[in-house]
Amino acid sequence: MAPALVLFYILAFLCVGGAVAMVTSNNPVRSALSLVISFLSLAAFYITLDAQFIAAVQVVVYAGAIMVLFLFVIMLLNLGAPEVVKKTRSFLPLATTLLAIIFPMVLFGFGVFAGLDGPTPSGASKLGTVGAVGRTLYSPTLPWLLPFEATSVLLLVAVVGAIVLARRKA
Amino acid sequence: MPKSLLASWDHLRDSIYNAFILPRYFHGVDLSHLVPYLALIGIFGFSLSILPFLIWIERVALGLVQDRTGPNRVGPRGLLQPSADVLKLFFKEDFQPKSVDKRLYYIAPFLTVMIALSAGAVLPLANITFRLPNGTLQNVPLMVANVNIGLLYMLAASSLGVYGIVLAGWASNNKYSLIGGLRAAAQVISYELAMGLALLCVVVQAGTVNLGGIVYAQDTLPFGLTWLPPFLKGSVFSWFWLQSLIVPVILYTIAMIAETNRAPFDLPEAESELVAGFHTEYSAMKFAAFFAGEYINMLAVCALNAAVFWGGWLPPFNCFPFTFIPGFVWFILKIMSGICLYVWLRGTLPRLRYDALMNLGWKKMLPIALIWLFVLAGYSLIRQIPVHLAGVHYTQAAMLSGGK
Amino acid sequence: MVPTSYYLTLSAILFSLGVVGVITKRNPIQIFMCIELMLNAANLTFIAIGHHLGQMNGQIYTIFSLAVAAAEVSVGLGIIITIFRSRETINVDEVNILKS
């Protein structure tokens, strides 16, 4: 087996294992940590896909900021004790497990991925550097500038919304 | 007569400079492939062997600040005190409280050390000059991973470092620990913004995110003024603390102290309110691991400060007595001055109140950093710095062109 | 090289796990984390396809997706804290005041 494939399987094991542990765990903190493992292995996947900038941003934003925020809220509300959340609707795991098995198989069956088995083109290795991403994102000839500005407005709305929500009523 | 003496002095100096230059290929081995391993040994050796010395510096300096003797029993001037402490911690009983979350309780301290050590991978320790077979010179920064996302990697490592503290606080199953972990999480998220923006101010000017490239970008004449004498090339005036107009370095220094949870921002372990904060329940080697992780974190952020704002391995002036000292010595000197700043502030400033800490981070440092980023972006546009300044035009060794 | 279809399969598995979590979990914070997992699965697809086609567009989409995720988390966690303050519980089965 090629080394790249071995690496893929190791990372995929970590990634899926983290996701499974997150879904099955009843303890929110355990759950969040499993998701961090999943996110970190996804960042490693991005590096193997020549997207170094996205990989770094994935670690900084998801693992470094979003998941720390999750942990902060879990600890702030002190939801550590598992008995806080009562188990109800026990028939759902069965149904959703079926869904989880069926869903990828359906995708395979329709042959969505059929045309994508070939090796990736070799010219892609320079795609993910900071300079390449920046030149594409801010290029005046490409259509990404307006969405970028719109994103900044979205973030501003999120900041204002979070402050309004979290403020205690005077 | 003095003229020939001068010429022979020039000759001697050049031959000494030439001794620093390695051939690229040595008996068929490409020496540039060995650079990462050398850097790896350097990072591990330096950061682990300097730790006892750091603790000694801190205790002695605090003693001086507080007008008391400090350690003075074990070894000359208490120099062996840290080693004795390590020995004591090693043989102490490893007490584990009954109600902790066992797995996380064990992982947390070692996670802290691992993440702190991993931050060193992208730090440029020195500059190595190779002579290619055709006689041209090639400059390579001495770093483990010469990647194009170096600065982002450092930010990621410093933001992951909080996991050890948060997990310790949660796994200890103790109110004080929990509050300590909560404070650490909020503090690190808040100050990371100002830290990232302060570093972005430099990236705007350097045109690269690679830390080696950022140091090379400082090896120019101050503010691009070409009529200045050559001994100012890459000098203390052309480093980014001055070129980014001083404000970013102040913001970064405040943010770096807050990121490493040191006084006056040591809210997560405030001993007057939280016993010992997140490491209340830890003893023996696990406590020692937290301690070591904190110091390695301090080294890492000070090294980033030195590389980004204070010229990395560059000597303060590009002329005779300074350029004879190898680059890594300058780098270590700059890191050590950062550590001394830490100790000085710890001995001088009282601990901040929690709301004052949040106000400083969100209402003062963040707006100032944002405004300064705009100012510097406009200033760079006016100066028309070529974006590919670093690494491309840099073909000749700085020390060879010095003084001629 | 690893074929692109492997990445897409992995992404489908992650997305399905996210769906399973959203349906079965009763804790809104965990539901939120499952949504994050689904977003990440989508990001992986974007980047894998972009790499396959030798294009930047996949990575640019991912950057926007990251920004949206950050905004969503800040507002969503704010909502959860507000609910907890007013009702002392965040179990989604008990937060049903809009039901008569």
# chains A, B, ... in the order shown; residues from 1 in each chain; ligands from 1
$ select_by_dssp --residues "region 36-194 of chain B" --states "strand (DSSP E)" --output "JSON, numbers by chain"
{"B": [127, 128, 129, 130, 131, 137, 138, 139, 140, 141]}
$ write_last_selection --atoms "N, CA, C and O atoms" --output "mmCIF file, in the first residue's frame"
data_model
loop_
_atom_site.group_PDB
_atom_site.id
_atom_site.type_symbol
_atom_site.label_atom_id
_atom_site.label_comp_id
_atom_site.auth_asym_id
_atom_site.auth_seq_id
_atom_site.Cartn_x
_atom_site.Cartn_y
_atom_site.Cartn_z
ATOM 1 N N ASN B 127 20.518 31.784 10.903
ATOM 2 C CA ASN B 127 20.651 31.740 9.457
ATOM 3 C C ASN B 127 21.873 30.900 9.109
ATOM 4 O O ASN B 127 22.934 31.079 9.692
ATOM 5 N N ILE B 128 21.698 29.957 8.171
ATOM 6 C CA ILE B 128 22.838 29.159 7.718
ATOM 7 C C ILE B 128 23.117 29.518 6.269
ATOM 8 O O ILE B 128 22.193 29.559 5.450
ATOM 9 N N THR B 129 24.371 29.813 5.980
ATOM 10 C CA THR B 129 24.740 30.160 4.611
ATOM 11 C C THR B 129 25.467 28.987 3.968
ATOM 12 O O THR B 129 26.451 28.495 4.523
ATOM 13 N N PHE B 130 24.950 28.535 2.832
ATOM 14 C CA PHE B 130 25.588 27.454 2.088
ATOM 15 C C PHE B 130 26.257 28.030 0.848
ATOM 16 O O PHE B 130 25.758 28.973 0.236
ATOM 17 N N ARG B 131 27.400 27.409 0.470
ATOM 18 C CA ARG B 131 28.023 27.779 -0.802
ATOM 19 C C ARG B 131 27.688 26.695 -1.815
ATOM 20 O O ARG B 131 28.011 25.529 -1.619
ATOM 21 N N LEU B 137 26.046 32.004 -3.072
ATOM 22 C CA LEU B 137 25.681 31.732 -1.688
ATOM 23 C C LEU B 137 24.176 31.589 -1.568
ATOM 24 O O LEU B 137 23.414 32.247 -2.262
ATOM 25 N N GLN B 138 23.772 30.720 -0.642
ATOM 26 C CA GLN B 138 22.348 30.481 -0.437
ATOM 27 C C GLN B 138 22.066 30.549 1.050
ATOM 28 O O GLN B 138 22.736 29.890 1.841
ATOM 29 N N ASN B 139 21.074 31.365 1.425
ATOM 30 C CA ASN B 139 20.740 31.502 2.843
ATOM 31 C C ASN B 139 19.548 30.635 3.182
ATOM 32 O O ASN B 139 18.527 30.675 2.514
ATOM 33 N N VAL B 140 19.693 29.837 4.243
ATOM 34 C CA VAL B 140 18.614 28.964 4.682
ATOM 35 C C VAL B 140 18.360 29.250 6.153
ATOM 36 O O VAL B 140 19.309 29.267 6.944
ATOM 37 N N PRO B 141 17.101 29.534 6.555
ATOM 38 C CA PRO B 141 16.832 29.692 7.981
ATOM 39 C C PRO B 141 16.878 28.343 8.681
ATOM 40 O O PRO B 141 16.437 27.332 8.133
#
$ residues_around --residues "region 158-163 of chain A" --least-positions-apart "6" --cutoff "12 Å" --atoms "only C-alpha atoms" --output "list of chain:residue names"
A:Thr151, A:Ser152, A:Lys169, C:Ala67, C:Val68, C:Ala69, C:Ala70, C:Ala71, C:Glu72, C:Val73, C:Ser74, C:Val75, C:Gly76, C:Leu77, C:Gly78, C:Ile79, C:Ile80, C:Ile81, C:Thr82
$ closest_atom_pairs --of "chain A" --to "chain B" --cutoff "10 Å" --atoms "only C-alpha atoms" --output "CSV"
residue,atom,partner,partner_atom,distance
A:Val29,CA,B:Trp170,CA,8.6
A:Arg30,CA,B:Leu104,CA,9.0
A:Leu33,CA,B:Tyr163,CA,9.4
A:Gln52,CA,B:Ile149,CA,7.1
A:Phe53,CA,B:Ile149,CA,6.5
A:Ile54,CA,B:Ile149,CA,9.9
A:Ala55,CA,B:Ile149,CA,9.4
A:Ala56,CA,B:Leu152,CA,6.0
A:Val57,CA,B:Leu152,CA,7.5
A:Gln58,CA,B:Ala156,CA,9.0
A:Val59,CA,B:Ala156,CA,5.9
A:Val60,CA,B:Ala156,CA,4.7
A:Val61,CA,B:Ala156,CA,8.5
A:Ala63,CA,B:Leu160,CA,7.0
A:Gly64,CA,B:Ser159,CA,5.0
A:Ala65,CA,B:Ile189,CA,6.5
A:Ile66,CA,B:Ile189,CA,9.5
A:Met67,CA,B:Tyr163,CA,9.6
A:Val68,CA,B:Ala185,CA,6.5
A:Leu69,CA,B:Ala185,CA,7.6
A:Leu71,CA,B:Val166,CA,8.0
A:Phe72,CA,B:Leu182,CA,6.1
A:Val73,CA,B:Leu182,CA,8.9
A:Ile74,CA,B:Leu182,CA,9.9
A:Met75,CA,B:Leu182,CA,7.0
A:Leu76,CA,B:Leu182,CA,7.2
A:Asn78,CA,B:Leu178,CA,9.3
A:Gly80,CA,B:Trp170,CA,8.4
A:Gly128,CA,B:Asn148,CA,9.7
A:Thr129,CA,B:Asn148,CA,6.5
A:Val130,CA,B:Ile149,CA,6.9
A:Gly131,CA,B:Thr208,CA,8.1
$ residues_around --residues "region 365-376 of chain B" --least-positions-apart "2" --cutoff "10 Å" --atoms "only C-alpha atoms" --output "VMD selection string"
chain B and resid 190 to 202 204 to 205 243 to 245 247 to 248 250 to 252 254 to 255 359 to 363 378 to 382
$ atom_distance --atom1 "CA of Glu259 (chain B)" --atom2 "CA of Phe32 (chain C)"
27.4 Å
